[in-house]
file coords_17.txt (compact mmCIF, C-alpha atoms and all ligand atoms)
# COMPACT_ATOMS: atom_id res chain seq x y z
CA MET A 7 0.00 0.00 0.00
CA LYS A 8 0.95 3.66 -0.27
CA ALA A 9 1.79 5.63 2.88
CA ALA A 10 3.27 9.06 3.54
CA ILE A 11 6.45 8.47 5.54
CA PHE A 12 7.81 11.32 7.66
CA HIS A 13 11.56 11.62 7.07
CA GLY A 14 12.26 14.84 8.94
CA PRO A 15 11.16 18.48 9.07
CA ARG A 16 9.14 19.35 5.95
CA ASP A 17 9.94 16.02 4.34
CA PHE A 18 7.08 13.62 3.63
CA ARG A 19 7.58 10.95 0.98
CA VAL A 20 4.75 8.80 -0.33
CA GLU A 21 6.23 5.30 -0.49
CA GLU A 22 5.18 1.72 -1.05
CA VAL A 23 5.09 -0.14 2.30
CA SER A 24 3.72 -3.52 3.38
CA ASP A 25 -0.01 -3.79 4.14
CA PRO A 26 -1.01 -3.85 7.83
CA ALA A 27 -1.44 -7.32 9.35
CA LEU A 28 -4.89 -8.46 10.50
CA GLU A 29 -5.02 -9.41 14.20
CA PRO A 30 -7.63 -11.89 15.54
CA ASP A 31 -9.32 -9.11 17.60
CA GLY A 32 -8.63 -6.39 15.06
CA ALA A 33 -9.75 -4.96 11.75
CA ILE A 34 -8.33 -3.44 8.58
CA ILE A 35 -9.71 -0.04 7.63
CA ARG A 36 -9.45 1.49 4.16
CA VAL A 37 -8.76 5.14 5.05
CA LYS A 38 -11.21 7.50 3.33
CA ALA A 39 -10.41 10.80 5.06
CA CYS A 40 -7.77 11.94 7.55
CA GLY A 41 -7.58 15.46 8.97
CA ILE A 42 -4.34 17.36 9.49
CA CYS A 43 -4.03 18.07 13.22
CA GLY A 44 -2.15 21.00 14.71
CA SER A 45 0.10 18.47 16.42
CA ASP A 46 0.94 16.90 13.02
CA LEU A 47 1.80 20.36 11.73
CA HIS A 48 4.07 20.84 14.74
CA ILE A 49 5.90 17.56 14.04
CA TYR A 50 6.06 18.40 10.33
CA ASN A 51 7.77 21.73 11.07
CA LEU A 52 9.99 20.75 13.98
CA GLY A 53 9.96 16.97 14.37
CA GLY A 54 13.25 15.35 15.31
CA THR A 55 14.78 12.02 14.41
CA GLU A 56 12.60 10.23 16.99
CA GLN A 57 9.62 10.97 14.73
CA SER A 58 11.40 9.86 11.58
CA GLN A 59 10.00 6.93 9.55
CA ARG A 60 6.62 7.34 11.21
CA VAL A 61 3.26 7.44 9.51
CA LEU A 62 1.33 10.31 11.08
CA GLY A 63 -2.38 11.04 10.94
CA HIS A 64 -4.78 10.19 13.77
CA GLU A 65 -8.07 11.95 12.87
CA PHE A 66 -9.67 9.57 10.42
CA SER A 67 -12.57 7.62 9.06
CA GLY A 68 -12.84 4.81 6.55
CA GLU A 69 -14.44 1.61 5.39
CA VAL A 70 -13.95 -1.73 7.15
CA VAL A 71 -12.39 -4.13 4.64
CA ASP A 72 -11.54 -7.10 6.86
CA VAL A 73 -12.12 -8.20 10.45
CA GLY A 74 -10.29 -10.69 12.67
CA ALA A 75 -11.71 -14.12 13.56
CA ASN A 76 -12.90 -12.97 17.01
CA VAL A 77 -14.64 -9.78 15.85
CA THR A 78 -18.42 -10.08 15.63
CA ASP A 79 -19.75 -6.52 15.90
CA LEU A 80 -17.97 -5.06 12.89
CA LYS A 81 -18.50 -6.16 9.26
CA PRO A 82 -16.67 -5.43 6.01
CA GLY A 83 -18.34 -2.54 4.22
CA MET A 84 -19.19 -0.63 7.41
CA ARG A 85 -18.34 3.10 7.41
CA VAL A 86 -16.56 4.08 10.62
CA ALA A 87 -14.71 6.85 12.45
CA VAL A 88 -11.62 5.55 14.21
CA GLY A 89 -9.49 6.44 17.20
CA GLY A 90 -6.02 5.33 16.13
CA ALA A 91 -2.90 6.42 14.33
CA GLY A 92 -0.95 6.02 11.12
CA ALA A 93 -3.69 7.15 8.75
CA TYR A 94 -1.75 9.10 6.11
CA ALA A 95 -1.87 5.75 4.33
CA GLU A 96 -4.27 3.66 2.28
CA TYR A 97 -4.95 1.17 5.07
CA VAL A 98 -4.71 1.10 8.87
CA GLY A 99 -4.73 -2.02 11.02
CA ILE A 100 -6.59 -1.71 14.33
CA PRO A 101 -5.02 -4.31 16.67
CA ARG A 102 -8.11 -4.57 18.86
CA VAL A 103 -11.59 -3.39 17.92
CA MET A 104 -13.72 -1.93 20.72
CA LEU A 105 -17.02 -0.80 19.22
CA ASN A 106 -18.00 2.72 20.35
CA LEU A 107 -14.70 3.09 22.20
CA ASN A 108 -12.17 3.20 19.38
CA VAL A 109 -14.36 2.44 16.35
CA PHE A 110 -17.64 4.31 15.75
CA PRO A 111 -20.17 3.49 13.03
CA LEU A 112 -20.96 6.57 10.93
CA PRO A 113 -24.61 7.45 10.41
CA GLU A 114 -25.67 7.25 6.76
CA ASP A 115 -25.96 10.99 6.35
CA MET A 116 -22.49 11.76 7.76
CA SER A 117 -19.68 12.13 5.23
CA TYR A 118 -16.31 10.47 5.71
CA GLU A 119 -14.66 13.86 6.12
CA ALA A 120 -17.12 14.94 8.82
CA GLY A 121 -16.59 11.56 10.51
CA ALA A 122 -12.85 12.21 10.49
CA THR A 123 -13.40 15.26 12.70
CA THR A 124 -14.68 13.13 15.59
CA GLU A 125 -11.29 13.09 17.31
CA PRO A 126 -10.56 16.86 17.28
CA THR A 127 -14.21 17.54 18.15
CA SER A 128 -13.87 15.24 21.14
CA VAL A 129 -11.09 17.44 22.52
CA GLY A 130 -13.49 20.40 22.59
CA VAL A 131 -16.27 18.31 24.11
CA ASN A 132 -13.93 17.20 26.86
CA ALA A 133 -12.84 20.80 27.53
CA ALA A 134 -16.45 22.01 27.74
CA LYS A 135 -17.39 19.19 30.12
CA ARG A 136 -14.38 19.81 32.34
CA ALA A 137 -15.40 23.48 32.58
CA GLU A 138 -18.77 22.48 34.14
CA PRO A 139 -20.57 25.50 32.65
CA LYS A 140 -23.84 26.89 33.95
CA GLU A 141 -26.48 28.12 31.50
CA ASP A 142 -26.03 31.78 32.37
CA ASP A 143 -22.24 31.68 32.28
CA ILE A 144 -20.44 33.89 29.81
CA VAL A 145 -18.03 31.68 27.91
CA VAL A 146 -15.26 32.95 25.66
CA VAL A 147 -13.38 30.73 23.23
CA LEU A 148 -10.09 32.17 21.97
CA GLY A 149 -9.16 30.80 18.56
CA ALA A 150 -11.56 29.29 16.04
CA GLY A 151 -9.52 26.59 14.40
CA MET A 152 -10.83 23.04 14.56
CA ILE A 153 -10.33 22.70 18.33
CA GLY A 154 -11.94 26.06 19.03
CA GLN A 155 -14.87 25.14 16.79
CA GLY A 156 -15.48 21.86 18.63
CA THR A 157 -15.15 23.68 21.94
CA TRP A 158 -17.59 26.53 21.33
CA GLN A 159 -20.14 24.25 19.71
CA ALA A 160 -19.88 21.87 22.69
CA PHE A 161 -20.59 24.76 25.09
CA LYS A 162 -23.66 25.68 23.02
CA ALA A 163 -24.76 22.04 22.97
CA MET A 164 -24.55 22.07 26.78
CA GLY A 165 -27.03 24.94 26.88
CA VAL A 166 -24.77 27.92 27.59
CA SER A 167 -26.70 30.99 26.46
CA ARG A 168 -23.78 33.29 25.66
CA VAL A 169 -20.78 31.82 23.86
CA ILE A 170 -18.36 34.37 22.45
CA VAL A 171 -15.61 33.47 19.98
CA SER A 172 -12.50 35.57 19.31
CA GLU A 173 -10.39 34.91 16.21
CA ILE A 174 -8.18 36.74 13.70
CA GLY A 175 -8.48 34.61 10.55
CA LYS A 176 -11.04 35.75 7.97
CA LYS A 177 -12.26 32.30 6.91
CA ARG A 178 -12.58 31.14 10.52
CA LEU A 179 -14.53 34.26 11.48
CA GLU A 180 -16.93 33.70 8.58
CA VAL A 181 -17.63 30.07 9.38
CA THR A 182 -18.04 30.79 13.11
CA LYS A 183 -20.70 33.41 12.34
CA ALA A 184 -22.43 31.10 9.89
CA LEU A 185 -22.55 28.30 12.48
CA GLY A 186 -24.22 30.56 15.02
CA ALA A 187 -21.83 31.63 17.78
CA ASP A 188 -23.60 34.29 19.89
CA ILE A 189 -20.91 36.96 19.47
CA VAL A 190 -17.89 36.79 17.18
CA ILE A 191 -14.96 39.12 17.90
CA ASN A 192 -12.53 39.94 15.11
CA ALA A 193 -9.37 40.15 17.21
CA ALA A 194 -7.44 41.58 14.29
CA GLU A 195 -9.58 44.71 14.52
CA GLU A 196 -10.55 45.07 18.16
CA ASP A 197 -9.06 44.21 21.53
CA PRO A 198 -10.88 41.12 22.82
CA VAL A 199 -10.16 41.98 26.46
CA GLU A 200 -11.78 45.42 26.11
CA ARG A 201 -14.71 43.95 24.25
CA ILE A 202 -15.33 41.32 26.95
CA ASN A 203 -15.11 44.04 29.56
CA GLU A 204 -17.83 45.96 27.73
CA ILE A 205 -20.04 42.94 27.23
CA THR A 206 -19.78 41.88 30.88
CA SER A 207 -19.88 45.39 32.41
CA GLY A 208 -16.39 44.88 33.74
CA GLU A 209 -17.08 41.56 35.42
CA GLY A 210 -15.12 39.40 33.03
CA ALA A 211 -15.95 36.00 31.57
CA ASP A 212 -16.87 33.02 33.72
CA ILE A 213 -15.01 30.61 31.48
CA VAL A 214 -12.28 31.34 28.93
CA ALA A 215 -11.04 28.48 26.76
CA ASP A 216 -7.64 29.09 25.21
CA CYS A 217 -7.84 27.23 21.91
CA ALA A 218 -5.16 29.36 20.24
CA GLY A 219 -2.12 28.40 22.31
CA SER A 220 -0.02 31.56 22.05
CA ALA A 221 1.47 34.02 24.53
CA SER A 222 -1.11 36.62 23.52
CA SER A 223 -4.11 34.30 23.86
CA LEU A 224 -2.93 33.10 27.26
CA GLN A 225 -2.53 36.70 28.39
CA GLN A 226 -5.96 37.61 27.03
CA ALA A 227 -7.51 34.69 28.89
CA THR A 228 -5.80 35.79 32.10
CA ASP A 229 -6.91 39.39 31.66
CA MET A 230 -10.55 38.70 30.72
CA VAL A 231 -11.44 35.96 33.17
CA ARG A 232 -13.81 36.98 35.95
CA GLY A 233 -12.31 37.78 39.34
CA GLY A 234 -13.44 36.25 42.61
CA GLY A 235 -14.17 37.96 45.92
CA TYR A 236 -10.71 39.30 46.64
CA TRP A 237 -10.46 40.85 43.18
CA GLN A 238 -13.90 42.45 43.56
CA LEU A 239 -12.78 44.18 46.72
CA MET A 240 -9.46 45.20 45.17
CA MET A 241 -11.24 46.72 42.18
CA GLY A 242 -13.73 48.48 44.41
CA THR A 243 -16.60 47.29 42.23
CA GLN A 244 -18.66 44.50 43.57
CA ILE A 245 -20.23 42.29 41.01
CA GLY A 246 -23.84 43.25 40.63
CA SER A 247 -23.26 46.96 41.05
CA GLN A 248 -22.86 47.76 37.34
CA PRO A 249 -25.73 48.41 34.96
CA GLY A 250 -26.25 45.37 32.74
CA SER A 251 -24.39 43.10 35.11
CA ARG A 252 -25.78 39.79 36.19
CA ASN A 253 -26.44 40.88 39.75
CA ARG A 254 -24.28 38.30 41.33
CA ALA A 255 -24.06 39.54 44.87
CA PHE A 256 -20.71 39.75 46.57
CA THR A 257 -20.50 36.72 48.80
CA ASP A 258 -17.13 36.52 50.43
CA ILE A 259 -13.53 37.45 49.93
CA LEU A 260 -12.60 33.86 49.14
CA SER A 261 -15.23 33.24 46.45
CA ASP A 262 -13.75 31.74 43.29
CA GLY A 263 -12.85 33.58 40.15
CA GLY A 264 -13.54 32.19 36.68
CA LYS A 265 -11.89 29.30 34.89
CA ILE A 266 -9.23 29.31 32.21
CA MET A 267 -9.37 26.13 30.17
CA MET A 268 -6.06 25.33 28.49
CA VAL A 269 -7.13 23.42 25.42
CA ALA A 270 -4.53 24.29 22.80
CA VAL A 271 -1.00 22.97 22.46
CA TYR A 272 1.47 25.80 23.12
CA GLU A 273 3.97 25.58 20.28
CA ASN A 274 6.50 27.89 21.95
CA MET A 275 7.61 28.96 25.40
CA VAL A 276 5.50 31.91 26.48
CA GLU A 277 6.31 35.11 28.30
CA TRP A 278 3.22 35.81 30.34
CA GLN A 279 2.04 37.93 33.30
CA PRO A 280 0.38 35.37 35.60
CA THR A 281 -0.33 37.61 38.61
CA PRO A 282 -4.01 38.22 37.71
CA VAL A 283 -4.66 34.49 38.03
CA MET A 284 -3.59 34.77 41.65
CA ILE A 285 -5.38 38.03 42.45
CA LYS A 286 -8.57 36.89 40.75
CA GLY A 287 -8.61 33.51 42.43
CA ALA A 288 -9.00 32.08 38.93
CA ARG A 289 -8.51 28.43 38.12
CA MET A 290 -6.46 27.08 35.25
CA ILE A 291 -7.53 23.67 34.02
CA GLY A 292 -5.58 21.60 31.54
CA CYS A 293 -7.56 19.67 28.95
CA SER A 294 -6.00 17.04 26.80
CA ALA A 295 -7.48 14.11 24.96
CA GLY A 296 -11.12 13.70 24.20
CA ARG A 297 -14.41 11.98 24.64
CA LEU A 298 -14.89 10.29 21.29
CA GLY A 299 -18.23 8.69 22.17
CA ASP A 300 -19.73 11.95 23.44
CA ALA A 301 -18.45 13.81 20.37
CA MET A 302 -19.95 11.25 17.98
CA GLU A 303 -23.28 11.43 19.82
CA LEU A 304 -23.41 15.25 19.55
CA MET A 305 -22.43 15.09 15.88
CA ARG A 306 -25.05 12.41 15.15
CA ALA A 307 -27.68 14.55 16.89
CA GLY A 308 -26.69 17.57 14.76
CA LYS A 309 -25.73 19.56 17.86
CA ILE A 310 -22.18 19.88 16.58
CA ASN A 311 -21.75 20.48 12.86
CA THR A 312 -18.24 20.08 11.43
CA GLN A 313 -19.00 19.67 7.73
CA PRO A 314 -18.63 23.44 6.95
CA LEU A 315 -15.24 23.41 8.70
CA ILE A 316 -13.67 21.21 6.04
CA THR A 317 -12.33 23.86 3.73
CA HIS A 318 -9.84 21.85 1.65
CA GLN A 319 -9.23 18.24 0.55
CA PHE A 320 -6.12 16.73 -1.06
CA PRO A 321 -5.12 13.26 -2.32
CA LEU A 322 -2.34 11.45 -0.41
CA ASP A 323 0.20 12.20 -3.17
CA GLU A 324 -0.27 15.92 -2.48
CA ILE A 325 0.31 15.71 1.28
CA THR A 326 3.06 18.35 1.14
CA GLU A 327 0.68 20.82 -0.54
CA ALA A 328 -1.99 19.87 2.00
CA PHE A 329 0.31 20.69 4.93
CA ALA A 330 1.30 24.00 3.33
CA MET A 331 -2.41 24.83 3.09
CA GLN A 332 -3.19 23.84 6.71
CA ALA A 333 -0.44 26.27 7.79
CA ARG A 334 -2.47 29.23 6.43
CA PRO A 335 -5.01 30.07 9.12
CA GLU A 336 -6.30 33.05 7.11
CA GLU A 337 -7.84 30.75 4.52
CA VAL A 338 -8.28 27.41 6.23
CA VAL A 339 -10.12 25.70 9.03
CA LYS A 340 -9.53 22.01 8.32
CA VAL A 341 -7.63 20.26 5.54
CA MET A 342 -8.44 16.62 4.81
CA ILE A 343 -6.21 14.05 3.15
CA ARG A 344 -8.19 11.58 1.00
CA PRO A 345 -5.91 8.55 0.55
ZN ZN A 401 -5.40 15.73 16.62

call {"tool": "encode", "arguments": {"input": "coords_17.txt", "output": "structure tokens"}}
result
Amino acid sequence: MKAAIFHGPRDFRVEEVSDPALEPDGAIIRVKACGICGSDLHIYNLGGTEQSQRVLGHEFSGEVVDVGANVTDLKPGMRVAVGGAGAYAEYVGIPRVMLNLNVFPLPEDMSYEAGATTEPTSVGVNAAKRAEPKEDDIVVVLGAGMIGQGTWQAFKAMGVSRVIVSEIGKKRLEVTKALGADIVINAAEEDPVERINEITSGEGADIVADCAGSASSLQQATDMVRGGGYWQLMMGTQIGSQPGSRNRAFTDILSDGGKIMMVAVYENMVEWQPTPVMIKGARMIGCSAGRLGDAMELMRAGKINTQPLITHQFPLDEITEAFAMQARPEEVVKVMIRP
């Protein structure tokens, strides 16, 4: 079969390799669509020798072509989304099939490329669940790439009435508006911290999800997250005293501030002023990995829609062009490889 082998920074080569072996508890999947993840892009740009000779690609869907002797709940011909790796290739071998844990049947009306977004969507679903939002919380999502999209849509699916998205890329702003975020901030034109201050009458946001992963987004999250009791006293403005505020009465000096959800991978070291986290009594919560089953359920129910996020598709032979495209956030949300 053909597979794109990673040889080093900016060096993919599509080569002939041996087909994956079928295990008794496993299955062979013909890959139909595999998304380019930010982490793949990171390896592509900077990956060292330890990554060399690998087949990347972990956000994929495909058709079952063969199942092991012990597998009864999966049949050749089934369309599935898969949690696994090595999918910039024609076929992937799953060593052990666990239905609805690592292999998910696709509903008839879901395309392969939408199915391939289950994994990145699941990261956003996990972040939203970990944030434990209340309906009247003000939630801000910084960055509207694939992870940000899954995150803000998951907050909406959980019933949050005001979900605000801040982004600089034109294409990403357009698609976020079209998909129905409550407020979309063009951070290339206005300061998101000031805007959140206006919207919340100076209170700040209850939950800020950093889905951009840069020094500036981390600082924005720190500066726009709501302060707790100590901060309210320091600022001399008790929550509830401003017109348009949510009338949350001051309770005590130790009441909690808002939450900063760290959802993105930070590509570089960041220089950052962390003191407001302390003064505000804010909480920073790391979010990695996802809830594939929950994501698939929300996608099946139409509560999360990823189809409009797939802006470009390339055959496996053009993987280098595909990666160059994914690196242009102005024009792209998600690029799919179609082996
Ligand atoms: Zn990924």

call {"tool": "residues_near_ligand", "arguments": {"input": "coords_17.txt", "ligand": "ligand ZN 401 (chain A)", "cutoff": "9 Å", "atoms": "only C-alpha atoms and all ligand atoms", "output": "count of residues only"}}
result
15

call {"tool": "atom_distance", "arguments": {"input": "coords_17.txt", "atom1": "CA of Gly99 in chain A", "atom2": "CA of Met7 in chain A"}}
result
12.2 Å

call {"tool": "atom_distance", "arguments": {"input": "coords_17.txt", "atom1": "CA of Phe161 in chain A", "atom2": "CA of Ala134 in chain A"}}
result
5.6 Å

call {"tool": "closest_residue", "arguments": {"input": "coords_17.txt", "among": "A:Gly14, A:Pro82, A:Gly32, A:Gly154", "to": "His48 in chain A", "atoms": "all atoms listed in the file"}}
result
A:Gly14

call {"tool": "residues_around", "arguments": {"input": "coords_17.txt", "residues": "range 191-195 of chain A", "least_positions_apart": "6", "cutoff": "12 Å", "atoms": "only C-alpha atoms", "output": "list in words"}}
result
Val146, Val147, Leu148, Gly149, Ala150, Val169, Ile170, Val171, Ser172, Glu173, Ile174, Gly175, Lys176, Lys177, Arg178, Leu179, Glu180, Thr182, Lys183, Arg201, Ile202, Ile205, Ala218, Ser222, Ser223, Gln226 and Glu336 of chain A

call {"tool": "atom_distance", "arguments": {"input": "coords_17.txt", "atom1": "CA of Trp158 in chain A", "atom2": "CA of Ala215 in chain A"}}
result
8.7 Å

call {"tool": "closest_residue", "arguments": {"input": "coords_17.txt", "among": "A:Ala227, A:Met241, A:Val190, A:Leu52", "to": "Glu209 in chain A", "atoms": "only C-alpha atoms"}}
result
A:Met241

call {"tool": "closest_residue", "arguments": {"input": "coords_17.txt", "among": "A:Ala211, A:Val338, A:Leu80, A:Ala307", "to": "Asp115 in chain A", "atoms": "all atoms listed in the file"}}
result
A:Ala307

call {"tool": "closest_residue", "arguments": {"input": "coords_17.txt", "among": "A:Arg168, A:His13, A:Lys81, A:Arg289", "to": "Ala137 in chain A", "atoms": "only C-alpha atoms"}}
result
A:Arg289

call {"tool": "residues_around", "arguments": {"input": "coords_17.txt", "residues": "Leu185 in chain A", "least_positions_apart": "2", "cutoff": "10 Å", "atoms": "only C-alpha atoms", "output": "MDAnalysis selection string"}}
result
chainID A and resid 155 159 180:183 187:188 310:312 314:315

call {"tool": "residues_around", "arguments": {"input": "coords_17.txt", "residues": "Glu22 in chain A", "least_positions_apart": "3", "cutoff": "12 Å", "atoms": "only C-alpha atoms", "output": "list of chain:residue names"}}
result
A:Met7, A:Lys8, A:Ala9, A:Ala10, A:Ile11, A:Arg19, A:Asp25, A:Ala95, A:Glu96, A:Tyr97, A:Asp323

call {"tool": "write_last_selection", "arguments": {"input": "coords_17.txt", "atoms": "C-alpha atoms", "output": "short mmCIF file (atom, residue, chain, number, x, y, z; two decimals), keeping the file's coordinate frame"}}
result
data_model
loop_
_atom_site.label_atom_id
_atom_site.label_comp_id
_atom_site.auth_asym_id
_atom_site.auth_seq_id
_atom_site.Cartn_x
_atom_site.Cartn_y
_atom_site.Cartn_z
CA MET A 7 0.00 0.00 0.00
CA LYS A 8 0.95 3.66 -0.27
CA ALA A 9 1.79 5.63 2.88
CA ALA A 10 3.27 9.06 3.54
CA ILE A 11 6.45 8.47 5.54
CA ARG A 19 7.58 10.95 0.98
CA ASP A 25 -0.01 -3.79 4.14
CA ALA A 95 -1.87 5.75 4.33
CA GLU A 96 -4.27 3.66 2.28
CA TYR A 97 -4.95 1.17 5.07
CA ASP A 323 0.20 12.20 -3.17
#

call {"tool": "axis_aligned_box", "arguments": {"input": "coords_17.txt", "around": "range 39-55 of chain A", "padding_each_side": "4 Å", "output": "lines of an AutoDock Vina configuration file"}}
result
center_x = 2.2
center_y = 16.3
center_z = 10.7
size_x = 33.2
size_y = 18.9
size_z = 19.4

call {"tool": "closest_residue", "arguments": {"input": "coords_17.txt", "among": "A:Ile34, A:Met302, A:Ile49, A:Val77", "to": "Asp17 in chain A", "atoms": "all atoms listed in the file"}}
result
A:Ile49

call {"tool": "closest_residue", "arguments": {"input": "coords_17.txt", "among": "A:Val166, A:Met152, A:Ala270, A:Leu322", "to": "Ala120 in chain A", "atoms": "only C-alpha atoms"}}
result
A:Met152

call {"tool": "residues_near_point", "arguments": {"input": "coords_17.txt", "point": "(-4.0, 25.3, 7.4)", "cutoff": "10 Å", "atoms": "only C-alpha atoms", "output": "ChimeraX atom specification"}}
result
/A:42-44,47,151,317-318,328-341

call {"tool": "residues_around", "arguments": {"input": "coords_17.txt", "residues": "Asn132 in chain A", "least_positions_apart": "5", "cutoff": "10 Å", "atoms": "only C-alpha atoms", "output": "MDAnalysis selection string"}}
result
chainID A and resid 127 137 156:157 160 269 293:298 300:301
